[in-house]
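K.L.:
Sharing my_file_5.txt, compact mmCIF, C-alpha atoms:
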```
# COMPACT_ATOMS: atom_id res chain seq x y z
CA MET A 1 98.85 89.58 87.72
CA ILE A 2 95.98 92.04 87.60
CA ALA A 3 95.39 94.55 84.87
CA PRO A 4 96.10 98.13 85.97
CA ALA A 5 92.72 99.76 86.41
CA ARG A 6 92.34 103.38 85.39
CA SER A 7 89.46 105.79 85.64
CA ALA A 8 87.89 107.53 82.66
CA ALA A 9 88.75 111.01 81.44
CA ARG A 10 89.54 113.41 84.26
CA ARG A 11 86.94 115.92 83.23
CA SER A 12 84.13 113.44 83.83
CA PHE A 13 83.89 111.96 87.30
CA ALA A 14 83.31 108.47 85.87
CA ARG A 15 82.72 105.52 88.15
CA ARG A 16 85.68 103.14 88.37
CA THR A 17 85.24 99.40 88.76
CA PRO A 18 87.98 98.37 91.20
CA GLY A 19 90.45 95.80 90.01
CA ALA A 20 91.41 92.66 91.88
CA LEU A 21 94.05 92.38 94.58
CA ALA A 22 97.59 93.20 93.54
CA LEU A 23 99.98 90.31 94.04
CA LEU A 24 101.46 90.29 97.50
CA ALA A 25 104.75 89.15 96.02
CA ALA A 26 104.95 92.37 94.00
CA LEU A 27 104.09 94.48 97.02
CA ALA A 28 106.77 92.80 99.08
CA LEU A 29 109.40 94.25 96.79
CA LEU A 30 108.49 97.84 97.71
CA PRO A 31 110.40 99.81 100.36
CA ALA A 32 107.20 100.34 102.32
CA ARG A 33 106.27 101.56 105.75
CA ALA A 34 103.12 100.63 107.59
CA PRO A 35 100.86 103.57 108.45
CA ALA A 36 101.94 105.30 111.63
CA GLN A 37 99.77 104.66 114.67
CA ILE A 38 97.09 107.24 115.36
CA ASP A 39 96.80 108.84 118.76
CA VAL A 40 93.16 107.91 119.31
CA LYS A 41 92.63 110.56 121.96
CA ASN A 42 93.87 113.50 119.91
CA HIS A 43 93.76 112.32 116.31
CA ALA A 44 90.90 109.88 115.99
CA PRO A 45 89.29 109.53 112.55
CA LEU A 46 86.78 112.33 112.04
CA GLN A 47 83.35 112.31 110.53
CA VAL A 48 82.39 115.20 108.29
CA GLY A 49 82.18 118.29 110.50
CA ALA A 50 79.14 118.91 112.66
CA GLN A 51 78.23 121.89 110.47
CA PRO A 52 79.59 121.11 107.01
CA VAL A 53 78.79 123.47 104.17
CA THR A 54 76.95 122.15 101.13
CA VAL A 55 77.00 123.94 97.78
CA HIS A 56 74.20 123.08 95.35
CA THR A 57 74.50 124.08 91.71
CA ALA A 58 72.06 126.82 90.82
CA PHE A 59 70.10 124.78 88.26
CA GLY A 60 70.71 121.24 89.47
CA GLY A 61 73.26 120.36 86.79
CA PHE A 62 76.48 118.39 87.19
CA ILE A 63 79.68 120.19 88.10
CA LEU A 64 82.37 120.77 85.45
CA GLY A 65 85.27 121.94 87.57
CA TYR A 66 85.41 123.92 90.81
CA ASP A 67 87.84 125.62 93.18
CA ILE A 68 87.98 128.04 96.09
CA ASP A 69 89.96 131.20 96.74
CA GLN A 70 92.34 130.30 99.55
CA ALA A 71 92.87 133.95 100.43
CA GLY A 72 89.25 135.05 100.04
CA ARG A 73 85.66 134.07 100.70
CA GLU A 74 84.51 132.97 97.25
CA GLY A 75 84.46 129.75 95.33
CA VAL A 76 83.69 129.12 91.67
CA LEU A 77 82.13 126.25 89.74
CA ALA A 78 80.78 125.51 86.28
CA GLU A 79 77.70 123.37 85.70
CA GLY A 80 75.82 121.68 82.89
CA LEU A 81 72.22 120.46 83.02
CA THR A 82 71.40 117.86 80.36
CA LEU A 83 68.14 118.52 78.47
CA PRO A 84 65.85 116.04 76.69
CA ASP A 85 67.13 117.16 73.28
CA GLY A 86 70.73 116.33 74.26
CA ASN A 87 71.77 119.94 74.66
CA HIS A 88 72.58 121.56 77.98
CA ASP A 89 71.87 124.58 80.12
CA VAL A 90 75.37 125.69 81.12
CA ALA A 91 76.56 128.28 83.61
CA VAL A 92 79.42 129.58 85.70
CA GLU A 93 78.62 130.47 89.31
CA THR A 94 80.34 131.83 92.40
CA PHE A 95 79.53 130.74 95.93
CA ASP A 96 80.25 131.79 99.51
CA GLN A 97 82.64 129.38 101.22
CA ARG A 98 81.12 130.09 104.65
CA THR A 99 77.48 129.44 103.78
CA GLY A 100 77.59 127.43 100.54
CA LYS A 101 75.12 129.86 98.96
CA ILE A 102 75.41 130.58 95.25
CA THR A 103 76.12 134.31 95.15
CA HIS A 104 76.23 135.12 91.43
CA ILE A 105 75.44 133.59 88.07
CA VAL A 106 78.44 134.85 86.13
CA VAL A 107 77.26 133.62 82.73
CA GLN A 108 74.56 131.28 81.45
CA GLU A 109 73.61 129.67 78.13
CA LEU A 110 70.32 127.84 77.65
CA ASP A 111 69.75 124.82 75.39
CA SER A 112 73.36 124.96 74.23
CA LYS A 113 75.90 122.57 72.76
CA ASN A 114 78.71 124.59 74.36
CA ASP A 115 80.10 124.24 77.85
CA TYR A 116 82.20 125.96 80.47
CA VAL A 117 84.91 124.25 82.54
CA THR A 118 86.34 125.80 85.70
CA LEU A 119 90.10 125.30 85.54
CA GLY A 120 90.73 126.72 88.99
CA VAL A 121 91.86 129.66 91.06
CA VAL A 122 95.29 130.49 89.66
CA GLY A 123 97.35 132.98 91.61
CA LYS A 124 95.83 135.19 94.26
CA HIS A 125 92.08 135.79 93.87
CA THR A 126 92.06 134.94 90.13
CA GLY A 127 89.59 132.47 88.64
CA LEU A 128 90.14 130.83 85.25
CA VAL A 129 87.32 129.34 83.16
CA GLU A 130 87.51 127.61 79.79
CA PHE A 131 84.69 128.06 77.27
CA GLU A 132 84.37 125.26 74.73
CA HIS A 133 82.43 126.19 71.60
CA VAL A 134 80.93 123.11 69.95
CA THR A 135 79.84 122.68 66.32
CA ASP A 136 78.56 119.30 65.11
CA LEU A 137 79.73 117.59 68.30
CA PHE A 138 83.31 118.89 67.91
CA VAL A 139 85.03 121.63 69.88
CA ASP A 140 86.06 124.19 67.27
CA GLN A 141 87.12 126.96 69.66
CA ARG A 142 88.51 127.25 73.18
CA ILE A 143 88.39 130.61 74.95
CA TYR A 144 89.84 131.16 78.42
CA TYR A 145 88.15 133.76 80.61
CA VAL A 146 89.71 135.37 83.65
CA MET A 147 87.84 136.51 86.76
CA ASN A 148 90.24 138.94 88.44
CA PRO A 149 89.36 139.23 91.21
CA LEU A 150 87.06 136.27 91.72
CA SER A 151 84.90 138.45 93.98
CA ALA A 152 84.00 140.60 90.94
CA ALA A 153 81.79 137.64 89.86
CA ALA A 154 82.35 138.56 86.22
CA PHE A 155 84.68 137.79 83.35
CA THR A 156 87.21 140.62 83.47
CA GLY A 157 89.38 139.60 80.53
CA GLN A 158 90.85 136.73 78.55
CA TRP A 159 93.89 134.55 79.04
CA THR A 160 95.50 133.91 75.66
CA PRO A 161 97.94 130.97 75.87
CA PRO A 162 99.68 129.59 72.76
CA PHE A 163 97.48 126.51 72.82
CA THR A 164 95.35 125.39 69.90
CA ARG A 165 91.89 123.88 70.02
CA ASN A 166 93.63 120.49 69.88
CA ASP A 167 95.42 121.14 73.19
CA ILE A 168 93.23 119.96 76.06
CA ILE A 169 94.28 121.22 79.47
CA GLU A 170 94.37 118.20 81.78
CA GLU A 171 96.31 119.43 84.81
CA VAL A 172 96.75 122.78 86.57
CA SER A 173 99.23 123.40 89.38
CA ARG A 174 97.49 124.41 92.61
CA ALA A 175 99.87 126.87 94.32
CA GLN A 176 97.76 130.01 94.78
CA ASP A 177 100.38 131.83 96.86
CA VAL A 178 102.80 132.27 93.92
CA THR A 179 102.29 134.19 90.69
CA GLN A 180 103.30 131.26 88.48
CA THR A 181 100.89 128.53 87.37
CA VAL A 182 101.81 125.53 85.22
CA PHE A 183 99.43 123.86 82.79
CA LEU A 184 99.70 120.37 81.31
CA ALA A 185 97.88 119.87 78.03
CA ALA A 186 97.32 116.75 75.95
CA HIS A 187 97.75 117.49 72.24
CA ASN A 188 95.20 115.30 70.48
CA ALA A 189 96.18 115.93 66.86
CA GLY A 190 98.79 114.25 64.70
CA GLY A 191 101.04 112.11 66.83
CA GLY A 192 99.67 113.59 70.02
CA GLY A 193 101.89 114.47 72.92
CA THR A 194 102.13 116.29 76.22
CA ARG A 195 102.78 120.02 76.52
CA LEU A 196 103.71 122.21 79.48
CA LEU A 197 103.21 125.94 79.80
CA SER A 198 103.99 128.24 82.73
CA SER A 199 102.06 131.47 83.00
CA ASN A 200 101.33 134.46 85.18
CA VAL A 201 97.62 134.31 84.40
CA PRO A 202 96.54 137.72 85.78
CA ALA A 203 99.33 139.39 83.77
CA ASN A 204 98.66 137.18 80.72
CA THR A 205 102.37 136.39 80.32
CA PHE A 206 103.91 133.06 79.42
CA GLY A 207 107.04 130.98 79.53
CA PRO A 208 108.01 128.83 76.55
CA LEU A 209 105.62 126.15 75.36
CA ILE A 210 107.41 122.88 76.13
CA THR A 211 106.76 119.58 74.38
CA VAL A 212 107.58 116.70 76.71
CA THR A 213 109.20 113.92 74.69
CA HIS A 214 109.78 111.25 77.33
CA PRO A 215 107.42 108.35 76.44
CA ASP A 216 106.40 107.74 80.05
CA PHE A 217 104.82 111.20 80.16
CA ALA A 218 102.72 110.68 77.04
CA PRO A 219 98.97 111.33 77.51
CA ASN A 220 98.13 107.61 77.64
CA HIS A 221 100.26 107.33 80.79
CA SER A 222 98.08 110.01 82.47
CA PRO A 223 100.91 112.18 83.84
CA ARG A 224 100.24 114.20 86.97
CA LEU A 225 101.64 117.69 87.48
CA ALA A 226 102.87 119.91 90.31
CA LEU A 227 104.94 123.09 90.46
CA ASP A 228 108.28 123.41 92.23
CA SER A 229 108.38 127.20 92.25
CA ALA A 230 111.65 127.31 94.20
CA HIS A 231 113.50 125.80 91.23
CA ASN A 232 111.27 126.98 88.36
CA GLN A 233 110.45 123.44 87.40
CA ALA A 234 107.44 121.27 86.81
CA ILE A 235 107.32 117.92 88.58
CA LEU A 236 105.70 115.09 86.63
CA ALA A 237 104.73 111.62 87.81
CA ALA A 238 103.25 108.91 85.61
CA LEU A 239 102.94 105.22 84.87
CA GLY A 240 106.36 103.80 84.02
CA SER A 241 107.24 101.69 81.01
CA ASN A 242 106.27 98.56 82.97
CA PRO A 243 102.62 98.85 84.07
CA PHE A 244 103.39 96.53 87.00
CA GLY A 245 106.57 98.32 87.94
CA PRO A 246 107.41 101.64 89.58
CA PRO A 247 106.20 104.95 88.15
CA THR A 248 108.48 107.50 86.52
CA LEU A 249 109.05 110.95 88.01
CA GLY A 250 110.46 113.88 86.10
CA LYS A 251 111.79 117.38 86.69
CA VAL A 252 111.20 119.74 83.76
CA ASN A 253 113.01 123.09 83.64
CA LEU A 254 110.28 125.58 82.71
CA ALA A 255 112.74 127.94 81.03
CA THR A 256 114.63 125.44 78.87
CA GLY A 257 112.53 122.29 78.80
CA ALA A 258 115.47 120.21 80.03
CA THR A 259 114.12 117.08 81.68
CA THR A 260 115.62 114.67 84.17
CA THR A 261 113.82 111.51 85.26
CA PHE A 262 114.14 108.94 88.00
CA ASN A 263 112.34 105.76 89.04
CA GLY A 264 109.81 106.16 91.78
CA VAL A 265 108.34 103.69 94.24
CA GLY A 266 104.87 102.20 94.19
CA ILE A 267 103.06 100.31 91.41
CA GLY A 268 100.81 101.43 88.60
CA TYR A 269 99.26 104.68 87.47
CA VAL A 270 99.92 107.78 89.53
CA ASN A 271 96.57 109.15 90.64
CA GLY A 272 97.71 112.22 92.55
CA LEU A 273 100.78 114.42 93.06
CA ALA A 274 101.59 117.41 95.26
CA VAL A 275 104.89 119.17 95.95
CA ASP A 276 106.04 121.43 98.77
CA SER A 277 108.51 123.81 97.09
CA GLU A 278 109.73 125.08 100.46
CA THR A 279 110.90 121.68 101.68
CA GLY A 280 111.42 119.81 98.42
CA VAL A 281 109.05 117.04 99.50
CA ALA A 282 106.60 115.43 97.08
CA CYS A 283 103.72 113.05 97.70
CA THR A 284 102.05 110.74 95.19
CA SER A 285 99.28 108.15 95.29
CA THR A 286 99.45 105.03 93.13
CA GLU A 287 96.69 102.84 91.75
CA ILE A 288 97.62 99.19 92.08
CA ASP A 289 99.24 99.08 95.51
CA PHE A 290 96.90 101.37 97.53
CA ARG A 291 99.79 103.42 98.92
CA ILE A 292 101.18 106.91 98.97
CA GLU A 293 104.80 107.73 98.33
CA ILE A 294 106.93 110.42 99.96
CA TYR A 295 109.90 111.75 97.97
CA ASP A 296 112.91 113.94 98.61
CA LEU A 297 113.20 115.65 95.23
CA ALA A 298 116.79 116.74 95.82
CA THR A 299 118.06 113.20 96.38
CA GLN A 300 115.44 111.58 94.12
CA THR A 301 114.64 109.00 96.77
CA GLY A 302 111.37 107.96 98.35
CA PHE A 303 109.44 105.43 100.39
CA ALA A 304 105.90 104.07 100.28
CA VAL A 305 103.23 104.10 102.99
CA VAL A 306 100.15 101.86 102.96
CA LEU A 307 96.92 103.80 103.29
CA PRO A 308 95.37 103.09 106.71
CA LYS A 309 93.78 99.63 106.88
CA ALA A 310 93.89 99.35 103.08
CA LEU A 311 93.76 95.79 101.77
CA SER A 312 93.27 95.98 98.00
CA GLN A 313 93.39 98.10 94.89
CA ALA A 314 89.82 99.15 95.65
CA HIS A 315 91.31 101.25 98.47
CA SER A 316 93.73 103.17 96.24
CA GLY A 317 94.13 106.90 96.80
CA GLN A 318 93.28 109.50 94.20
CA ASP A 319 93.85 113.27 94.30
CA VAL A 320 96.68 114.54 96.52
CA GLN A 321 96.83 118.17 97.64
CA LEU A 322 99.28 120.10 99.80
CA ASP A 323 98.43 122.33 102.73
CA ARG A 324 101.70 124.25 102.66
CA LEU A 325 100.80 126.40 105.67
CA ASN A 326 100.41 123.39 107.96
CA LYS A 327 102.79 121.05 106.06
CA LEU A 328 100.15 118.41 105.39
CA PHE A 329 99.25 116.23 102.42
CA LEU A 330 95.57 115.32 101.93
CA VAL A 331 94.75 112.15 99.95
CA GLY A 332 91.29 111.36 98.62
CA GLN A 333 90.09 107.74 98.83
CA PRO A 334 86.79 107.02 97.02
CA ILE A 335 86.28 103.63 98.70
CA SER A 336 87.12 104.06 102.36
CA SER A 337 89.46 101.69 104.15
CA THR A 338 88.70 103.22 107.56
CA ALA A 339 84.89 103.21 107.44
CA PRO A 340 82.40 100.51 106.39
CA THR A 341 80.82 102.73 103.73
CA GLY A 342 81.51 105.91 101.83
CA SER A 343 84.77 107.68 101.10
CA SER A 344 87.60 109.12 103.16
CA VAL A 345 90.34 111.71 103.03
CA HIS A 346 93.56 110.79 104.83
CA VAL A 347 95.87 113.47 106.18
CA PHE A 348 99.63 112.85 106.36
CA ASP A 349 102.53 114.98 107.46
CA GLU A 350 105.58 115.37 105.24
CA GLN A 351 107.35 112.48 106.99
CA GLY A 352 104.59 110.09 105.94
CA LYS A 353 102.94 109.91 109.37
CA LEU A 354 99.18 109.56 109.34
CA VAL A 355 97.67 112.49 111.22
CA ARG A 356 93.99 111.60 110.86
CA SER A 357 91.33 110.19 108.58
CA ILE A 358 88.12 112.01 107.68
CA ASP A 359 85.30 109.54 106.96
CA GLY A 360 81.71 109.98 105.84
CA LEU A 361 82.40 111.56 102.43
CA GLN A 362 81.05 110.58 98.99
CA LEU A 363 83.87 111.02 96.50
CA PRO A 364 83.55 109.98 92.85
CA ALA A 365 85.80 107.20 91.62
CA SER A 366 87.71 109.37 89.16
CA PRO A 367 90.24 111.80 90.70
CA ALA A 368 88.30 114.78 92.06
CA LEU A 369 89.94 117.96 93.30
CA LEU A 370 90.42 118.43 97.02
CA ALA A 371 89.94 122.22 97.10
CA LEU A 372 91.79 123.30 100.25
CA CYS A 373 91.73 126.45 102.33
CA PRO A 374 94.82 126.06 104.58
CA ARG A 375 94.13 129.14 106.72
CA THR A 376 90.80 127.66 107.88
CA ARG A 377 91.80 124.00 107.48
CA THR A 378 88.71 123.28 105.41
CA CYS A 379 88.26 121.48 102.11
CA PHE A 380 85.55 121.26 99.44
CA VAL A 381 84.95 118.11 97.37
CA VAL A 382 82.36 117.13 94.79
CA LYS A 383 79.74 114.66 95.99
CA ALA A 384 78.89 111.43 94.14
CA PRO A 385 76.85 110.02 92.52
CA ASP A 386 74.91 113.01 91.14
CA LEU A 387 77.93 115.37 91.04
CA ASN A 388 75.69 118.40 91.43
CA GLU A 389 76.89 119.57 94.83
CA LEU A 390 80.02 120.19 96.85
CA GLN A 391 80.49 119.27 100.47
CA SER A 392 83.00 120.70 102.88
CA PHE A 393 84.85 119.24 105.83
CA SER A 394 87.38 120.37 108.37
CA TYR A 395 90.72 118.70 108.89
```
Would you give me this structure, written as structure tokens?
P.N.:
Amino acid sequence: MIAPARSAARRSFARRTPGALALLAALALLPARAPAQIDVKNHAPLQVGAQPVTVHTAFGGFILGYDIDQAGREGVLAEGLTLPDGNHDVAVETFDQRTGKITHIVVQELDSKNDYVTLGVVGKHTGLVEFEHVTDLFVDQRIYYVMNPLSAAAFTGQWTPPFTRNDIIEEVSRAQDVTQTVFLAAHNAGGGGTRLLSSNVPANTFGPLITVTHPDFAPNHSPRLALDSAHNQAILAALGSNPFGPPTLGKVNLATGATTTFNGVGIGYVNGLAVDSETGVACTSTEIDFRIEIYDLATQTGFAVVLPKALSQAHSGQDVQLDRLNKLFLVGQPISSTAPTGSSVHVFDEQGKLVRSIDGLQLPASPALLALCPRTRTCFVVKAPDLNELQSFSY
């Protein structure tokens, strides 16, 4: 039996060394479906678009978080350029989604121990950036700046959640068309733990701070997060109590903290999760068995689908994002199973049917955000190995 491989901290796009093949006997126990056949004429695998957009960081540093405004023209990223003395030049920048050009340097610090992290576009047109103040190699202050609207290309205020400096935001829900955003934080003091917080970021209002007590959602299980806005609940998915067994999924009431859990399908760590609140369908990707899983959240049932032509754990999927407008799930795959080299993104409908595969990408091994714009059917991803540029593709 192989050891369950897991990438390094999510904030660094660390390179993952793929594990060995999962046991076929274990895979045979899963209620799996083979990938649906692709209509070669109409849905052949695509290379990156003929005119993809490339975004280069302004100073050549590595990217510390990025996102795009799905209802606007701007994108936002943070960067850090390592200097010979071990400090960094750090900055937050906006860019034009159509051209890839950096449009504004929002803030910059030279030769600094501090850093900025782009947490995402949260709600309509609103960017959120975390500033980490560092003293003697330790973060002693976390400040959250709001850019509302993102097109202002300036910090317009602060978001003031009831987090402490020991609460590290690991996951942010990605539904920009609703006012509510959910944050998952790992509390790294005392006994540790996982915390959830819902917020209307532009209004700087908050739901209750919820401590998740189920052991399968502890930080060492790397829980993934999505928002089910139709039922005011967070959906969690994480490694189960048996690392070679199915993952655990949970529904957390964001008003009361009440949690219900059920066993999922698949094997190993959950690398990605997305939820369509309108249909109650969720999609996950799992590490060991190189599959995605489609769930009906109402009935708490699901089935697994092998990623196209995938043969080993090396072909496992990573980030999963929902295009709610077109009812599609996009799954990042750092080591392509449909091309001889590079990375791919596979597009599935909500019934688990493979729509197409986009080859010719260069994704990092650690889960990297697929920043979607459903109205234009385009996506931005960070490019490995230097991590100092974004590339776009159409799907």
K.L.:
Is it possible to get the residues within 6 Å of (98.5, 122.2, 82.8) (coordinates as in the file, counting all atoms listed in the file) written as a count of residues only?
P.N.:
8
K.L.:
Which one is closest to Gln180 of chain A: A:Met147, A:Ala226, A:Ile292, A:Val122? Count all atoms listed in the file.
P.N.:
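Using all atoms listed in the file, Gln180 of chain A sits closest to A:Val122.
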K.L.:
List every residue of segment 218-285 of chain A that has an atom at most 10 Å from any atom of segment 193-200 of chain A, giving for each one its closest atom pair and the distance in Å to one decimal, counting all atoms listed in the file, sorted by chain and then by ascending residue number, as a tab-separated table.
P.N.:
```
residue	atom	partner	partner_atom	distance
A:Ala218	CA	A:Gly193	CA	5.7
A:Pro219	CA	A:Thr194	CA	6.0
A:Asn220	CA	A:Gly193	CA	9.1
A:Ser222	CA	A:Thr194	CA	9.7
A:Pro223	CA	A:Thr194	CA	8.7
A:Leu225	CA	A:Leu196	CA	9.4
A:Leu227	CA	A:Ser198	CA	9.3
A:Asn232	CA	A:Ser198	CA	9.3
A:Gln233	CA	A:Ser198	CA	9.3
A:Ala234	CA	A:Leu196	CA	8.3
A:Val252	CA	A:Leu196	CA	9.0
A:Leu254	CA	A:Ser198	CA	6.8
A:Ala255	CA	A:Ser198	CA	8.9
A:Gly257	CA	A:Leu196	CA	8.8
```
K.L.:
Give me the residues near segment 103-113 of chain A as a PyMOL selection string, where near means some atom within 7 Å (using all atoms listed in the file) and where sequence neighbours in that chain fewer than 5 positions away do not count.
P.N.:
chain A and resi 87-96+134+153-154
K.L.:
Using all atoms listed in the file, determine which residues lie at most 9 Å from Asp319 of chain A, disregarding the query and same-chain residues fewer than 6 positions distant; provide the list as an NGL selection string.
P.N.:
:A and (271-274 or 284-285 or 330-333 or 366-370)
K.L.:
Looking at A:Pro340, A:Gly190, A:Pro308, A:Gly120, which one is nearest to Val355 of chain A, with distances taken over only C-alpha atoms?
P.N.:
A:Pro308
